[in-house]
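So the structure is just underneath, and the comments pick up after that.
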Amino acid sequence: MRTFGILIFLLGTTLFTCAQNRIPMLGESAPNFKSQTTNGELEFPGDFGASWKLLFSHPGDFTPVCTSEIMHLAKMQDEFAALGVKIAIISTDDLSTHYQWKQSMEDDLVETTGSGKIDFPIIADVNGEISEKYGMLQFTEGQVKDARGVFIIDPSNLIRSVNFYPLDVGRNMEEIKRVVTALQTSEKEEVLIPVNWKEGEDVLMKRQPYTEAELKADPALANKYYRVGINLWYKKGQ
C-alpha cells in the first residue's frame, strides 16, 4: 500500500507539472507577463498594443541555429513591421548574456550586410516562469530550456498559430511571414486560405459567392469567382 501511495503521489505531481506547463490553445488569450529585456521592461502583450505579435522562444544564446535565426529575423524586421507585426524573443538565459549575444549578432550583421541593428526585445526568463505559461519548457542535455517555438498572436491578443521545431532544425522565417499574411488576408477578405497559398494568389470562399439571380444581374461575377469540382469556390487573386 505504501508503494501504491508513492506511485499515486508521483503520478499526481507529474500531472500537476504537465497541467502547469500546458501549451495555450488556438483562440485562447495570450498569457500576460512582465520581464526585463534588452529594450528595457516589457509587459507582454499589452505594451505591443493593437498589433500582430510574434513570440519566439529559443533554447540558448550563442548557439549556432538560434543565432542564424535571430540574425535572419533582424534582416526581415522591416518586412514584419510593414505587416503591423511586433516581435519578441525569449529564452531562459539572463539579461547579461542577452546583451552580449545581441551585440555579437549586430557586429556580424554590420560586417555581412552593412546594417546591424536588432530592434526587437530579447526577454530574460531565467526562472522559466514565463516559458511555463506558454508550455515552452523542455529537458535538454540535463537542463530545463525553452523549446524552439513560435506563437502568432493577433491584435486582440488571441493566439492564432503555434509551432514548435526540433533543436537541430532552424525555423523558416518566410513561412512564418506567410502565415501572418494568410491570417490577415483571411480576416480582411472573409475567405479561406488554400494549400501552398502565397500572397496575391487565389483564395477559397466559405460558401458559394453568388446566386443565379445575382449572376444574371452582374455577369462580371463570373470573372471574379470560379468553381473547382462540386463545392470548391475560389476568388481570383490580384
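Naming works like this for the C-alpha cells: A, B, ... for the chains as they're shown, residue 1 at the start of each chain, ligands 1 onward in shown order.
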
Identify, with DSSP run on backbone atoms, the residues in region 92-206 of chain A assigned to helix (DSSP H, G or I), and express the list as JSON, numbers by chain.
{"A": [95, 96, 97, 98, 99, 100, 101, 102, 103, 104, 105, 106, 107, 108, 109, 110, 111, 112, 113, 129, 130, 131, 132, 133, 173, 174, 175, 176, 177, 178, 179, 180, 181, 182, 183, 184, 185, 186, 187, 188, 189]}

Spatial neighbours of region 195-200 of chain A, 12 Å, only C-alpha atoms, chain gap at least 3 places, as number ranges by chain
A: 174-186, 192, 203-204, 235-238

So which residues touch Ala82 (chain A) within 12 Å, counting only C-alpha atoms, skipping near sequence neighbours fewer than 2 positions away, as number ranges by chain?
A: 51-52, 76-80, 84-86, 177, 180-181

Quick one: residues within 7 Å of Ile89 (chain A), only C-alpha atoms, excluding same-chain residues fewer than 3 positions away - as a list in words?
Leu55, Phe56, Ser57, Pro121, Ile122 and Ile123 of chain A

Env of Arg227 (chain A): 12 Å cut, atoms = only C-alpha atoms, seq-sep filter 2 positions within chain, self excluded. Answer as a CSV table (one decimal) with C-alpha atoms, in the first residue's frame.
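Saved result, out_15.csv, follows:
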chain,number,residue,atom,x,y,z
A,202,ASP,CA,-6.4,32.8,-55.4
A,203,VAL,CA,-8.3,32.2,-52.2
A,204,LEU,CA,-11.2,29.9,-51.2
A,205,MET,CA,-14.7,31.2,-50.4
A,207,ARG,CA,-19.7,29.4,-49.5
A,208,GLN,CA,-21.0,29.9,-53.0
A,209,PRO,CA,-20.3,33.6,-53.6
A,210,TYR,CA,-23.4,34.4,-55.6
A,221,LEU,CA,-19.1,38.0,-61.1
A,222,ALA,CA,-18.2,35.0,-63.3
A,223,ASN,CA,-14.8,36.6,-64.0
A,224,LYS,CA,-14.2,37.2,-60.3
A,225,TYR,CA,-15.0,33.7,-58.9
A,229,GLY,CA,-15.3,20.3,-58.5
A,230,ILE,CA,-18.6,20.2,-56.7
A,231,ASN,CA,-18.0,22.7,-53.8
A,232,LEU,CA,-14.6,24.5,-54.0
A,233,TRP,CA,-15.3,28.1,-54.9
A,234,TYR,CA,-12.3,30.3,-55.5
A,235,LYS,CA,-11.9,34.1,-55.6
A,236,LYS,CA,-9.3,35.2,-58.1

Could you state the separation of CA of Pro59 (chain A) and CA of Pro155 (chain A) in Å, given to one decimal place?
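Result for CA of Pro59 (chain A) versus CA of Pro155 (chain A): 27.0 Å, one decimal.
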
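For the pair CA of Gly128 (chain A) and CA of Asp146 (chain A), the interatomic distance is 8.2 Å.
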
Residues near Ile118 (chain A), cut-off 9 Å, only C-alpha atoms, skip fewer than 6 positions along chain, as a PyMOL selection string
chain A and resi 70-71+73-75+77+102-103+105-106

Would you save the residues from that selection as a PDB file, in the first residue's frame, using N, CA and C atoms?
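And here's part19.pdb as it stands now:
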ATOM      1  N   ILE A  70      17.933  34.422 -35.457  1.00  0.00           N
ATOM      2  CA  ILE A  70      17.715  35.793 -34.994  1.00  0.00           C
ATOM      3  C   ILE A  70      18.359  36.803 -35.940  1.00  0.00           C
ATOM      4  N   MET A  71      19.509  36.453 -36.485  1.00  0.00           N
ATOM      5  CA  MET A  71      20.137  37.353 -37.454  1.00  0.00           C
ATOM      6  C   MET A  71      19.272  37.498 -38.701  1.00  0.00           C
ATOM      7  N   LEU A  73      16.018  37.031 -38.813  1.00  0.00           N
ATOM      8  CA  LEU A  73      14.822  37.758 -38.386  1.00  0.00           C
ATOM      9  C   LEU A  73      15.097  39.259 -38.342  1.00  0.00           C
ATOM     10  N   ALA A  74      16.313  39.627 -37.924  1.00  0.00           N
ATOM     11  CA  ALA A  74      16.685  41.040 -37.907  1.00  0.00           C
ATOM     12  C   ALA A  74      16.672  41.630 -39.315  1.00  0.00           C
ATOM     13  N   LYS A  75      17.078  40.828 -40.293  1.00  0.00           N
ATOM     14  CA  LYS A  75      17.065  41.293 -41.688  1.00  0.00           C
ATOM     15  C   LYS A  75      15.640  41.498 -42.190  1.00  0.00           C
ATOM     16  N   GLN A  77      12.991  42.364 -40.141  1.00  0.00           N
ATOM     17  CA  GLN A  77      12.147  43.070 -39.174  1.00  0.00           C
ATOM     18  C   GLN A  77      11.346  44.205 -39.804  1.00  0.00           C
ATOM     19  N   LYS A 102      23.308  39.799 -28.356  1.00  0.00           N
ATOM     20  CA  LYS A 102      22.769  40.799 -29.272  1.00  0.00           C
ATOM     21  C   LYS A 102      23.894  41.618 -29.908  1.00  0.00           C
ATOM     22  N   GLN A 103      24.866  42.046 -29.097  1.00  0.00           N
ATOM     23  CA  GLN A 103      25.976  42.837 -29.626  1.00  0.00           C
ATOM     24  C   GLN A 103      26.779  42.056 -30.653  1.00  0.00           C
ATOM     25  N   MET A 105      25.751  39.607 -32.560  1.00  0.00           N
ATOM     26  CA  MET A 105      24.968  39.453 -33.789  1.00  0.00           C
ATOM     27  C   MET A 105      24.914  40.753 -34.576  1.00  0.00           C
ATOM     28  N   GLU A 106      24.757  41.873 -33.873  1.00  0.00           N
ATOM     29  CA  GLU A 106      24.749  43.154 -34.579  1.00  0.00           C
ATOM     30  C   GLU A 106      26.091  43.418 -35.251  1.00  0.00           C
TER      31      GLU A 106
END

Measure the distance from CA of Phe139 (chain A) to CA of Ser161 (chain A) in Å and round it to one decimal.
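Distance between the two atoms: 23.3 Å.
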
Neighbouring residues of Ser96 (chain A) were defined as those with any atom within 9 Å, considering only C-alpha atoms; residues of the same chain fewer than 5 positions away were excluded. Please report them as a list in words.
Thr38, Trp101 and Ala124 of chain A
